[in-house]
>>> print(open('upload.cif').read())   # mmCIF, C-alpha atoms
data_protein
loop_
_atom_site.group_PDB
_atom_site.id
_atom_site.type_symbol
_atom_site.label_atom_id
_atom_site.label_comp_id
_atom_site.auth_asym_id
_atom_site.auth_seq_id
_atom_site.Cartn_x
_atom_site.Cartn_y
_atom_site.Cartn_z
ATOM 1 C CA MET A 248 47.852 65.077 -16.473
ATOM 2 C CA ARG A 249 49.905 62.169 -17.762
ATOM 3 C CA ALA A 250 49.918 59.121 -15.512
ATOM 4 C CA ILE A 251 50.278 55.356 -15.470
ATOM 5 C CA GLN A 252 47.084 53.441 -14.767
ATOM 6 C CA ILE A 253 46.438 49.788 -13.889
ATOM 7 C CA SER A 254 42.992 48.320 -14.604
ATOM 8 C CA ASN A 255 43.678 44.679 -13.692
ATOM 9 C CA ALA A 256 46.400 42.778 -11.860
ATOM 10 C CA GLY A 257 49.095 41.180 -13.961
ATOM 11 C CA GLY A 258 52.566 41.546 -15.420
ATOM 12 C CA PRO A 259 54.360 44.741 -16.429
ATOM 13 C CA GLU A 260 52.162 44.967 -19.515
ATOM 14 C CA VAL A 261 49.231 46.196 -17.348
ATOM 15 C CA LEU A 262 51.098 49.486 -16.687
ATOM 16 C CA ASN A 263 49.339 51.696 -19.226
ATOM 17 C CA PRO A 264 49.998 55.384 -19.946
ATOM 18 C CA ALA A 265 46.837 57.458 -19.543
ATOM 19 C CA GLU A 266 45.559 61.044 -19.527
ATOM 20 C CA LEU A 267 43.685 61.657 -16.277
ATOM 21 C CA PRO A 268 42.147 64.693 -14.565
ATOM 22 C CA ASP A 269 44.460 66.632 -12.275
ATOM 23 C CA PRO A 270 43.895 65.638 -8.642
ATOM 24 C CA GLU A 271 42.522 68.180 -6.167
ATOM 25 C CA PRO A 272 44.030 68.479 -2.687
ATOM 26 C CA GLY A 273 41.536 67.773 0.071
ATOM 27 C CA PRO A 274 41.713 68.783 3.734
ATOM 28 C CA GLY A 275 45.210 68.217 5.118
ATOM 29 C CA GLU A 276 46.656 67.448 1.680
ATOM 30 C CA LEU A 277 49.249 68.905 -0.662
ATOM 31 C CA LEU A 278 49.091 68.933 -4.446
ATOM 32 C CA VAL A 279 52.630 68.230 -5.625
ATOM 33 C CA GLY A 280 54.234 68.389 -9.039
ATOM 34 C CA VAL A 281 56.210 65.156 -9.268
ATOM 35 C CA ALA A 282 59.853 65.703 -10.235
ATOM 36 C CA ALA A 283 60.778 62.026 -9.803
ATOM 37 C CA ALA A 284 58.942 58.900 -8.652
ATOM 38 C CA GLY A 285 60.666 55.922 -7.072
ATOM 39 C CA VAL A 286 60.161 52.396 -8.419
ATOM 40 C CA ASN A 287 59.998 49.792 -5.647
ATOM 41 C CA TYR A 288 59.170 46.126 -5.174
ATOM 42 C CA ILE A 289 56.001 47.026 -3.301
ATOM 43 C CA ASP A 290 54.794 48.508 -6.608
ATOM 44 C CA VAL A 291 55.358 45.090 -8.194
ATOM 45 C CA TYR A 292 53.490 43.278 -5.411
ATOM 46 C CA GLN A 293 50.526 45.643 -5.794
ATOM 47 C CA ARG A 294 50.583 45.378 -9.594
ATOM 48 C CA ASN A 295 50.668 41.570 -9.716
ATOM 49 C CA GLY A 296 47.983 41.049 -7.090
ATOM 50 C CA THR A 297 50.162 39.870 -4.214
ATOM 51 C CA TYR A 298 48.835 42.927 -2.391
ATOM 52 C CA PRO A 299 45.257 43.277 -3.733
ATOM 53 C CA MET A 300 44.277 46.766 -4.914
ATOM 54 C CA ALA A 301 40.999 48.430 -5.829
ATOM 55 C CA MET A 302 40.935 48.879 -9.613
ATOM 56 C CA PRO A 303 41.647 50.975 -11.551
ATOM 57 C CA TYR A 304 44.444 52.825 -9.793
ATOM 58 C CA VAL A 305 47.586 54.840 -10.430
ATOM 59 C CA PRO A 306 50.576 53.000 -8.912
ATOM 60 C CA GLY A 307 53.600 54.360 -7.119
ATOM 61 C CA LEU A 308 54.007 55.374 -3.492
ATOM 62 C CA GLU A 309 57.266 57.334 -3.434
ATOM 63 C CA GLY A 310 58.532 60.526 -4.983
ATOM 64 C CA ALA A 311 59.793 64.053 -4.624
ATOM 65 C CA GLY A 312 58.717 67.361 -6.073
ATOM 66 C CA ARG A 313 57.440 70.854 -5.402
ATOM 67 C CA VAL A 314 54.194 71.886 -3.694
ATOM 68 C CA LEU A 315 51.731 73.371 -6.209
ATOM 69 C CA ALA A 316 48.712 73.965 -3.963
ATOM 70 C CA LEU A 317 47.518 73.481 -0.410
ATOM 71 C CA GLY A 318 44.299 71.880 0.733
ATOM 72 C CA PRO A 319 42.327 73.257 3.685
ATOM 73 C CA ASP A 320 43.925 73.063 7.136
ATOM 74 C CA VAL A 321 47.537 72.737 5.903
ATOM 75 C CA THR A 322 49.864 74.934 7.954
ATOM 76 C CA ASP A 323 53.264 73.200 7.870
ATOM 77 C CA PHE A 324 54.005 73.750 4.166
ATOM 78 C CA ALA A 325 53.831 76.540 1.601
ATOM 79 C CA VAL A 326 53.460 76.589 -2.168
ATOM 80 C CA GLY A 327 56.920 76.136 -3.676
ATOM 81 C CA ASP A 328 58.309 73.948 -0.864
ATOM 82 C CA ARG A 329 60.306 70.897 -1.905
ATOM 83 C CA VAL A 330 58.972 67.703 -0.345
ATOM 84 C CA ALA A 331 59.386 63.951 -0.528
ATOM 85 C CA TRP A 332 57.075 61.105 0.450
ATOM 86 C CA VAL A 333 56.752 57.313 0.632
ATOM 87 C CA GLU A 334 52.994 56.832 1.207
ATOM 88 C CA ALA A 335 51.164 58.634 -1.576
ATOM 89 C CA LEU A 336 49.501 56.145 -3.909
ATOM 90 C CA GLY A 337 49.354 57.608 -7.401
ATOM 91 C CA SER A 338 52.954 58.804 -7.652
ATOM 92 C CA TYR A 339 53.478 57.411 -11.188
ATOM 93 C CA ALA A 340 52.036 60.671 -12.504
ATOM 94 C CA GLU A 341 52.808 64.308 -13.212
ATOM 95 C CA ARG A 342 50.854 65.381 -10.124
ATOM 96 C CA VAL A 343 49.825 63.645 -6.923
ATOM 97 C CA THR A 344 48.082 64.544 -3.691
ATOM 98 C CA VAL A 345 50.128 63.854 -0.587
ATOM 99 C CA ALA A 346 48.849 63.938 2.989
ATOM 100 C CA ALA A 347 50.732 66.767 4.690
ATOM 101 C CA ASP A 348 51.545 64.557 7.677
ATOM 102 C CA LYS A 349 53.127 62.016 5.280
ATOM 103 C CA ALA A 350 55.350 64.587 3.530
ATOM 104 C CA VAL A 351 58.842 65.545 4.650
ATOM 105 C CA PRO A 352 60.822 68.646 3.705
ATOM 106 C CA VAL A 353 63.802 68.073 1.415
ATOM 107 C CA PRO A 354 66.851 69.889 2.800
ATOM 108 C CA PRO A 355 69.225 72.037 0.753
ATOM 109 C CA GLY A 356 72.014 69.953 -0.727
ATOM 110 C CA VAL A 357 69.710 67.031 -1.568
ATOM 111 C CA SER A 358 68.394 67.006 -5.157
ATOM 112 C CA ASP A 359 64.877 65.930 -6.110
ATOM 113 C CA GLU A 360 66.255 62.775 -7.742
ATOM 114 C CA VAL A 361 68.312 61.846 -4.687
ATOM 115 C CA ALA A 362 65.338 62.522 -2.399
ATOM 116 C CA ALA A 363 63.065 60.331 -4.514
ATOM 117 C CA GLY A 364 65.776 57.684 -4.782
ATOM 118 C CA LEU A 365 66.608 57.691 -1.100
ATOM 119 C CA LEU A 366 63.578 58.027 1.073
ATOM 120 C CA LEU A 367 61.798 54.669 1.008
ATOM 121 C CA GLN A 368 64.891 52.517 0.591
ATOM 122 C CA GLY A 369 67.044 54.733 2.811
ATOM 123 C CA MET A 370 64.574 54.640 5.678
ATOM 124 C CA THR A 371 64.251 50.879 5.158
ATOM 125 C CA ALA A 372 68.026 50.452 5.465
ATOM 126 C CA HIS A 373 67.973 52.785 8.473
ATOM 127 C CA PHE A 374 65.406 50.812 10.462
ATOM 128 C CA LEU A 375 67.026 47.503 9.478
ATOM 129 C CA VAL A 376 70.398 48.420 10.997
ATOM 130 C CA ASN A 377 69.066 50.489 13.899
ATOM 131 C CA ASP A 378 65.902 48.663 14.993
ATOM 132 C CA ALA A 379 65.195 45.279 13.369
ATOM 133 C CA HIS A 380 68.699 44.143 14.330
ATOM 134 C CA PRO A 381 70.749 46.969 15.855
ATOM 135 C CA VAL A 382 74.136 46.449 14.224
ATOM 136 C CA GLN A 383 77.087 46.570 16.618
ATOM 137 C CA HIS A 384 80.731 47.341 15.934
ATOM 138 C CA GLY A 385 82.635 44.138 15.167
ATOM 139 C CA GLU A 386 79.623 42.066 14.115
ATOM 140 C CA ASP A 387 79.493 39.948 10.960
ATOM 141 C CA VAL A 388 76.364 40.540 8.882
ATOM 142 C CA LEU A 389 75.145 38.987 5.644
ATOM 143 C CA VAL A 390 73.448 41.264 3.098
ATOM 144 C CA HIS A 391 71.706 39.637 0.147
ATOM 145 C CA ALA A 392 71.236 41.495 -3.152
ATOM 146 C CA ALA A 393 73.843 43.947 -1.945
ATOM 147 C CA ALA A 394 73.984 45.889 -5.218
ATOM 148 C CA GLY A 395 70.256 46.595 -5.239
ATOM 149 C CA GLY A 396 68.596 49.793 -4.074
ATOM 150 C CA VAL A 397 68.241 48.825 -0.412
ATOM 151 C CA GLY A 398 71.287 46.571 -0.505
ATOM 152 C CA LEU A 399 73.764 49.327 -1.365
ATOM 153 C CA LEU A 400 72.386 51.636 1.322
ATOM 154 C CA LEU A 401 72.198 48.840 3.892
ATOM 155 C CA THR A 402 75.795 47.824 3.166
ATOM 156 C CA GLN A 403 76.978 51.417 3.619
ATOM 157 C CA LEU A 404 75.133 51.899 6.907
ATOM 158 C CA ALA A 405 76.212 48.555 8.384
ATOM 159 C CA ALA A 406 79.845 49.171 7.419
ATOM 160 C CA ALA A 407 79.677 52.709 8.849
ATOM 161 C CA ARG A 408 78.568 51.200 12.157
ATOM 162 C CA GLY A 409 81.663 49.010 12.214
ATOM 163 C CA ALA A 410 80.211 45.722 11.010
ATOM 164 C CA ARG A 411 81.946 43.370 8.625
ATOM 165 C CA VAL A 412 79.548 42.982 5.696
ATOM 166 C CA ILE A 413 79.448 39.761 3.687
ATOM 167 C CA ALA A 414 77.537 40.571 0.517
ATOM 168 C CA THR A 415 75.874 38.360 -2.074
ATOM 169 C CA VAL A 416 75.539 39.482 -5.711
ATOM 170 C CA SER A 417 75.049 37.931 -9.150
ATOM 171 C CA THR A 418 77.658 39.583 -11.396
ATOM 172 C CA ALA A 419 81.161 41.044 -11.432
ATOM 173 C CA GLU A 420 79.736 44.549 -11.904
ATOM 174 C CA LYS A 421 77.529 44.129 -8.854
ATOM 175 C CA GLU A 422 80.462 42.774 -6.844
ATOM 176 C CA GLU A 423 82.407 45.941 -7.623
ATOM 177 C CA LEU A 424 79.493 48.084 -6.460
ATOM 178 C CA ALA A 425 79.069 46.102 -3.231
ATOM 179 C CA ARG A 426 82.758 46.409 -2.392
ATOM 180 C CA ALA A 427 82.680 50.150 -3.116
ATOM 181 C CA ALA A 428 79.760 50.413 -0.665
ATOM 182 C CA GLY A 429 81.863 48.808 2.073
ATOM 183 C CA ALA A 430 81.400 45.049 1.762
ATOM 184 C CA ALA A 431 84.431 43.237 3.159
ATOM 185 C CA ASP A 432 83.655 39.977 1.359
ATOM 186 C CA VAL A 433 81.438 39.190 -1.617
ATOM 187 C CA ILE A 434 79.887 35.859 -2.618
ATOM 188 C CA ARG A 435 78.485 35.481 -6.118
ATOM 189 C CA TYR A 436 75.339 33.406 -6.511
ATOM 190 C CA GLY A 437 76.044 30.305 -8.556
ATOM 191 C CA GLU A 438 79.785 30.308 -7.896
ATOM 192 C CA VAL A 439 79.621 28.415 -4.601
ATOM 193 C CA ALA A 440 78.197 24.955 -4.057
ATOM 194 C CA ASP A 441 76.665 25.901 -0.707
ATOM 195 C CA LEU A 442 76.058 29.517 0.253
ATOM 196 C CA ALA A 443 75.856 28.840 3.995
ATOM 197 C CA ASP A 444 79.133 26.901 3.915
ATOM 198 C CA ALA A 445 80.764 29.837 2.116
ATOM 199 C CA VAL A 446 79.500 32.254 4.775
ATOM 200 C CA ARG A 447 80.693 30.024 7.594
ATOM 201 C CA SER A 448 84.122 29.633 6.004
ATOM 202 C CA LEU A 449 84.442 33.434 6.038
ATOM 203 C CA THR A 450 83.509 33.592 9.723
ATOM 204 C CA GLY A 451 85.723 30.833 11.079
ATOM 205 C CA GLY A 452 82.777 28.462 11.204
ATOM 206 C CA ALA A 453 80.772 30.650 13.575
ATOM 207 C CA GLY A 454 78.263 32.200 11.181
ATOM 208 C CA VAL A 455 76.929 35.759 11.060
ATOM 209 C CA HIS A 456 75.197 37.739 13.786
ATOM 210 C CA ALA A 457 72.469 38.801 11.357
ATOM 211 C CA ALA A 458 71.327 38.029 7.822
ATOM 212 C CA TYR A 459 69.370 40.667 5.900
ATOM 213 C CA ASP A 460 67.360 38.864 3.236
ATOM 214 C CA SER A 461 65.214 40.635 0.636
ATOM 215 C CA VAL A 462 65.319 37.740 -1.835
ATOM 216 C CA GLY A 463 63.105 35.294 0.044
ATOM 217 C CA ARG A 464 62.313 31.840 -1.286
ATOM 218 C CA SER A 465 65.636 31.055 -3.003
ATOM 219 C CA THR A 466 67.898 32.295 -0.178
ATOM 220 C CA PHE A 467 65.883 31.759 3.003
ATOM 221 C CA ASP A 468 67.276 28.331 3.915
ATOM 222 C CA ALA A 469 70.863 29.464 3.304
ATOM 223 C CA SER A 470 70.280 32.610 5.345
ATOM 224 C CA LEU A 471 68.986 30.599 8.280
ATOM 225 C CA ALA A 472 71.911 28.153 8.021
ATOM 226 C CA SER A 473 74.388 31.055 7.918
ATOM 227 C CA LEU A 474 73.478 32.354 11.382
ATOM 228 C CA ARG A 475 75.542 31.876 14.494
ATOM 229 C CA ARG A 476 73.939 30.848 17.774
ATOM 230 C CA ARG A 477 71.211 33.384 18.745
ATOM 231 C CA GLY A 478 71.568 35.042 15.340
ATOM 232 C CA MET A 479 68.808 37.065 13.699
ATOM 233 C CA LEU A 480 67.316 36.541 10.237
ATOM 234 C CA VAL A 481 65.685 39.752 9.027
ATOM 235 C CA LEU A 482 63.481 38.784 6.085
ATOM 236 C CA PHE A 483 62.307 42.032 4.511
ATOM 237 C CA GLY A 484 61.383 41.043 0.966
ATOM 238 C CA GLY A 485 60.702 38.244 -1.465
ATOM 239 C CA SER A 486 62.029 39.082 -4.901
ATOM 240 C CA SER A 487 62.373 35.360 -5.696
ATOM 241 C CA GLY A 488 58.958 34.518 -4.252
ATOM 242 C CA PRO A 489 57.354 34.123 -0.829
ATOM 243 C CA VAL A 490 58.897 31.857 1.792
ATOM 244 C CA PRO A 491 56.783 28.774 2.645
ATOM 245 C CA PRO A 492 55.527 28.373 6.224
ATOM 246 C CA VAL A 493 58.354 27.823 8.707
ATOM 247 C CA ASP A 494 58.381 25.302 11.550
ATOM 248 C CA PRO A 495 59.466 27.265 14.674
ATOM 249 C CA MET A 496 61.519 24.250 15.795
ATOM 250 C CA ARG A 497 63.979 25.088 13.003
ATOM 251 C CA LEU A 498 64.904 28.174 15.014
ATOM 252 C CA ASN A 499 65.466 26.021 18.077
ATOM 253 C CA ALA A 500 67.548 23.466 16.192
ATOM 254 C CA GLY A 501 69.650 26.171 14.528
ATOM 255 C CA GLY A 502 70.831 27.573 17.852
ATOM 256 C CA SER A 503 67.970 29.564 19.428
ATOM 257 C CA LEU A 504 67.691 31.742 16.336
ATOM 258 C CA PHE A 505 65.446 34.753 15.782
ATOM 259 C CA LEU A 506 63.306 35.458 12.720
ATOM 260 C CA THR A 507 61.491 38.698 11.927
ATOM 261 C CA ARG A 508 59.510 39.853 8.883
ATOM 262 C CA PRO A 509 59.321 43.640 9.234
ATOM 263 C CA LYS A 510 58.055 46.387 6.946
ATOM 264 C CA LEU A 511 59.005 50.029 6.870
ATOM 265 C CA PHE A 512 55.547 51.427 7.575
ATOM 266 C CA ASP A 513 55.532 49.892 11.063
ATOM 267 C CA TYR A 514 58.706 51.880 11.770
ATOM 268 C CA ILE A 515 57.261 55.236 10.629
ATOM 269 C CA PRO A 516 53.701 54.993 12.035
ATOM 270 C CA THR A 517 53.506 58.592 13.243
ATOM 271 C CA PRO A 518 54.462 61.913 11.614
ATOM 272 C CA GLU A 519 57.086 62.386 14.316
ATOM 273 C CA GLU A 520 58.792 59.041 13.646
ATOM 274 C CA LEU A 521 58.596 59.609 9.893
ATOM 275 C CA ARG A 522 60.279 62.999 10.117
ATOM 276 C CA THR A 523 62.914 61.819 12.577
ATOM 277 C CA ARG A 524 63.916 58.865 10.392
ATOM 278 C CA ALA A 525 63.802 60.925 7.187
ATOM 279 C CA THR A 526 65.899 63.653 8.795
ATOM 280 C CA ASP A 527 68.489 61.057 9.815
ATOM 281 C CA VAL A 528 68.846 59.581 6.331
ATOM 282 C CA PHE A 529 68.959 62.984 4.642
ATOM 283 C CA ALA A 530 71.682 64.002 7.104
ATOM 284 C CA GLU A 531 73.677 60.880 6.233
ATOM 285 C CA VAL A 532 73.576 61.902 2.580
ATOM 286 C CA VAL A 533 74.670 65.446 3.348
ATOM 287 C CA ASP A 534 77.565 64.306 5.584
ATOM 288 C CA GLY A 535 78.745 61.717 3.051
ATOM 289 C CA THR A 536 77.852 58.560 4.988
ATOM 290 C CA LEU A 537 75.392 57.540 2.273
ATOM 291 C CA ASP A 538 75.964 57.668 -1.457
ATOM 292 C CA VAL A 539 72.702 57.231 -3.365
ATOM 293 C CA ARG A 540 73.193 55.437 -6.665
ATOM 294 C CA ILE A 541 70.541 56.158 -9.262
ATOM 295 C CA GLY A 542 70.765 52.998 -11.319
ATOM 296 C CA HIS A 543 68.483 54.060 -14.152
ATOM 297 C CA ARG A 544 66.081 56.827 -15.108
ATOM 298 C CA TYR A 545 62.988 56.060 -17.205
ATOM 299 C CA ALA A 546 60.389 58.251 -18.848
ATOM 300 C CA LEU A 547 56.997 57.920 -17.181
ATOM 301 C CA ALA A 548 55.622 56.106 -20.227
ATOM 302 C CA ASP A 549 58.336 53.441 -19.825
ATOM 303 C CA ALA A 550 57.140 52.264 -16.398
ATOM 304 C CA ALA A 551 56.589 48.745 -17.769
ATOM 305 C CA THR A 552 60.232 48.548 -18.840
ATOM 306 C CA ALA A 553 61.322 49.676 -15.382
ATOM 307 C CA HIS A 554 59.288 46.864 -13.793
ATOM 308 C CA GLU A 555 60.673 44.320 -16.257
ATOM 309 C CA ASP A 556 64.241 45.384 -15.475
ATOM 310 C CA LEU A 557 63.620 45.335 -11.721
ATOM 311 C CA GLN A 558 62.090 41.866 -11.741
ATOM 312 C CA GLY A 559 64.719 40.579 -14.147
ATOM 313 C CA ARG A 560 67.461 41.565 -11.691
ATOM 314 C CA ARG A 561 69.088 43.619 -14.433
ATOM 315 C CA THR A 562 69.382 46.696 -12.260
ATOM 316 C CA THR A 563 71.618 48.201 -9.598
ATOM 317 C CA GLY A 564 70.794 51.019 -7.234
ATOM 318 C CA LYS A 565 67.550 52.961 -7.463
ATOM 319 C CA LEU A 566 65.158 53.173 -10.415
ATOM 320 C CA LEU A 567 63.317 56.438 -11.056
ATOM 321 C CA LEU A 568 60.470 57.499 -13.297
ATOM 322 C CA LEU A 569 60.744 61.081 -14.556
ATOM 323 C CA PRO A 570 57.346 62.554 -15.534
#
>>> encode(input="upload.cif", output="C-alpha cells")
Amino acid sequence: MRAIQISNAGGPEVLNPAELPDPEPGPGELLVGVAAAGVNYIDVYQRNGTYPMAMPYVPGLEGAGRVLALGPDVTDFAVGDRVAWVEALGSYAERVTVAADKAVPVPPGVSDEVAAGLLLQGMTAHFLVNDAHPVQHGEDVLVHAAAGGVGLLLTQLAAARGARVIATVSTAEKEELARAAGAADVIRYGEVADLADAVRSLTGGAGVHAAYDSVGRSTFDASLASLRRRGMLVLFGGSSGPVPPVDPMRLNAGGSLFLTRPKLFDYIPTPEELRTRATDVFAEVVDGTLDVRIGHRYALADAATAHEDLQGRRTTGKLLLLP
C-alpha cells in the first residue's frame, strides 16, 4: 500500500511517501480502506518530537473509510460498513487497522470527507463547550484562531448555545468565516495595541466568562487578562509554542480565575463515551447545527505541504489527505 512514513523527528520534510506491506487486522481490529485522513496539530507534535514516537512510523490518527476485513472476535461491524476514527495511528495510508472499540459508525447523510473532517475536531469542540467550560446562554466567550478547524466548529457550537462569541483571526477572509460561523465580534491580530483591552472594551470592561485558546505562547497572557472574575481559561493547544510555567498566584490576582489544559482523549476514555460524543456531533451535522468546512484537500503524497500550510497558518477549516 501507499503510505507516509517518518524515520526521524523533524520538520515537514521528514514526511516521506513509501510503499509498505498491507496491515493485517488482529483480534478486535478492523482493516479499513482509508477514504480520507484528517490532518491535525497532534500529527505535527508527534512529527517534530514534542510527543516522542517510536521510529519509523506512519503518522495520522484520524480518518474515515469502509471496512475491508474483520479480525478475530469482532462482532459489532461487518465488511462494507462505513466507519470513522480518531485513535488509529497509521492513518496517512491507503489502509489502516482500527481497534473496533475505537471505531464509530458513520450515519447516512454524512459523507466520508465530512466524517474524517469532523470527528476529532468536532468532538474537541463538543467537549470544550459542554464539559471543559459548559457554555451558558448569555455568556461572553473568547475563541482564538476562530477560522481554524476547531475554531469554526467551536464558534458554531458556542453561538448555538446562546453565547456571544468574540473571535480572533489574522485576515479579512478569516474574519468573514468567523462571522459566518456565528461570531458576534471579531478582533484581528496585529490590528489592536492590546488584545485584552480590546476584549474588555467589547464587554463593558467586565471581560469574558471563558477564553478558548489553542494558540498558546503568543496569546496566553492576553487570554488570562481577558477573563472576568472567576473566569475560565481553557488552553487546548499551542500552535505558537508551549506556554511557560505559570505561577498559580496569577490566577488569584486576576480574580480567582480557573485554568485547565484538557485533551480530547480524556473525554472519550471508554467506547461508550466515544460513541455518545460522536453520535452527538454527527447529529449536529445532520440537523444543520454544524457546518463542516473542508479547507483543503491534498493527495497523500503531499502530506508535507499540508503540514507546512497548517503550521504557516495559511489554512481555514479542516485539512484532509485523500489516498
>>> residues_near_point(input="upload.cif", point="(80.8, 25.3, 15.0)", cutoff="12 Å", atoms="only C-alpha atoms", output="list in words")
Asp444, Arg447, Ser448, Thr450, Gly451, Gly452, Ala453, Gly454, Val455, Ala472, Ser473, Leu474, Arg475, Arg476, Gly501 and Gly502 of chain A
>>> write_last_selection(input="upload.cif", atoms="C-alpha atoms", output="PDB file, keeping the file's coordinate frame")
ATOM      1  CA  ASP A 444      79.133  26.901   3.915  1.00  0.00           C
ATOM      2  CA  ARG A 447      80.693  30.024   7.594  1.00  0.00           C
ATOM      3  CA  SER A 448      84.122  29.633   6.004  1.00  0.00           C
ATOM      4  CA  THR A 450      83.509  33.592   9.723  1.00  0.00           C
ATOM      5  CA  GLY A 451      85.723  30.833  11.079  1.00  0.00           C
ATOM      6  CA  GLY A 452      82.777  28.462  11.204  1.00  0.00           C
ATOM      7  CA  ALA A 453      80.772  30.650  13.575  1.00  0.00           C
ATOM      8  CA  GLY A 454      78.263  32.200  11.181  1.00  0.00           C
ATOM      9  CA  VAL A 455      76.929  35.759  11.060  1.00  0.00           C
ATOM     10  CA  ALA A 472      71.911  28.153   8.021  1.00  0.00           C
ATOM     11  CA  SER A 473      74.388  31.055   7.918  1.00  0.00           C
ATOM     12  CA  LEU A 474      73.478  32.354  11.382  1.00  0.00           C
ATOM     13  CA  ARG A 475      75.542  31.876  14.494  1.00  0.00           C
ATOM     14  CA  ARG A 476      73.939  30.848  17.774  1.00  0.00           C
ATOM     15  CA  GLY A 501      69.650  26.171  14.528  1.00  0.00           C
ATOM     16  CA  GLY A 502      70.831  27.573  17.852  1.00  0.00           C
TER      17      GLY A 502
END
>>> atom_distance(input="upload.cif", atom1="atom CA of Ala362 of chain A", atom2="atom CA of Gln403 of chain A")
17.2 Å
>>> closest_residue(input="upload.cif", among="A:Tyr298, A:Asp323, A:Ala394, A:Glu341", to="Gly280 of chain A", atoms="only C-alpha atoms")
A:Glu341
>>> closest_residue(input="upload.cif", among="A:Val382, A:Ala335, A:Leu569, A:Lys421", to="Gly478 of chain A", atoms="all atoms listed in the file")
A:Val382
>>> residues_around(input="upload.cif", residues="Asp348 of chain A", least_positions_apart="2", cutoff="10 Å", atoms="all atoms listed in the file", output="list in words")
Gly275, Glu276, Leu277, Val321, Asp323, Trp332, Val345, Ala346, Ala350, Val351, Thr517, Pro518, Glu519, Leu521 and Arg522 of chain A
>>> closest_residue(input="upload.cif", among="A:Asn499, A:Asn255, A:Thr526, A:Thr563", to="Ser417 of chain A", atoms="all atoms listed in the file")
A:Thr563
>>> resolve_selection(input="upload.cif", expression="the PyMOL selection byres ((chain A and resi 542) around 7)", output="list in words")
Arg540, Ile541, His543, Thr562, Thr563, Gly564, Lys565 and Leu566 of chain A
>>> decode(input="upload.cif", residues="segment 339-351 of chain A", atoms="N, CA, C and O atoms", output="short mmCIF file (atom, residue, chain, number, x, y, z; two decimals), in the first residue's frame")
data_model
loop_
_atom_site.label_atom_id
_atom_site.label_comp_id
_atom_site.auth_asym_id
_atom_site.auth_seq_id
_atom_site.Cartn_x
_atom_site.Cartn_y
_atom_site.Cartn_z
N TYR A 339 -2.29 7.96 7.72
CA TYR A 339 -1.78 8.56 6.48
C TYR A 339 -1.39 7.41 5.54
O TYR A 339 -0.21 7.20 5.21
N ALA A 340 -2.36 6.66 5.08
CA ALA A 340 -2.09 5.47 4.28
C ALA A 340 -3.36 5.07 3.55
O ALA A 340 -4.46 5.57 3.83
N GLU A 341 -3.20 4.13 2.60
CA GLU A 341 -4.37 3.63 1.89
C GLU A 341 -5.19 2.67 2.74
O GLU A 341 -6.41 2.55 2.54
N ARG A 342 -4.53 2.00 3.69
CA ARG A 342 -5.23 1.07 4.58
C ARG A 342 -4.67 1.22 5.99
O ARG A 342 -3.50 1.53 6.17
N VAL A 343 -5.53 0.98 6.96
CA VAL A 343 -5.11 1.09 8.36
C VAL A 343 -5.92 0.10 9.19
O VAL A 343 -7.07 -0.22 8.85
N THR A 344 -5.32 -0.41 10.25
CA THR A 344 -6.07 -1.22 11.20
C THR A 344 -6.59 -0.31 12.30
O THR A 344 -5.87 0.56 12.80
N VAL A 345 -7.84 -0.51 12.65
CA VAL A 345 -8.52 0.30 13.65
C VAL A 345 -9.12 -0.63 14.70
O VAL A 345 -9.81 -1.59 14.35
N ALA A 346 -8.83 -0.38 15.96
CA ALA A 346 -9.48 -1.16 17.03
C ALA A 346 -10.98 -0.98 16.93
O ALA A 346 -11.48 0.16 16.82
N ALA A 347 -11.73 -2.07 16.95
CA ALA A 347 -13.18 -1.99 16.78
C ALA A 347 -13.82 -1.12 17.84
O ALA A 347 -14.82 -0.42 17.56
N ASP A 348 -13.27 -1.13 19.06
CA ASP A 348 -13.88 -0.30 20.11
C ASP A 348 -13.48 1.17 20.00
O ASP A 348 -13.95 2.00 20.79
N LYS A 349 -12.61 1.51 19.02
CA LYS A 349 -12.26 2.90 18.75
C LYS A 349 -12.91 3.42 17.47
O LYS A 349 -12.70 4.57 17.09
N ALA A 350 -13.68 2.57 16.79
CA ALA A 350 -14.35 2.97 15.55
C ALA A 350 -15.80 3.33 15.85
O ALA A 350 -16.43 2.77 16.75
N VAL A 351 -16.33 4.27 15.07
CA VAL A 351 -17.73 4.65 15.21
C VAL A 351 -18.40 4.57 13.84
O VAL A 351 -17.79 4.90 12.83
#
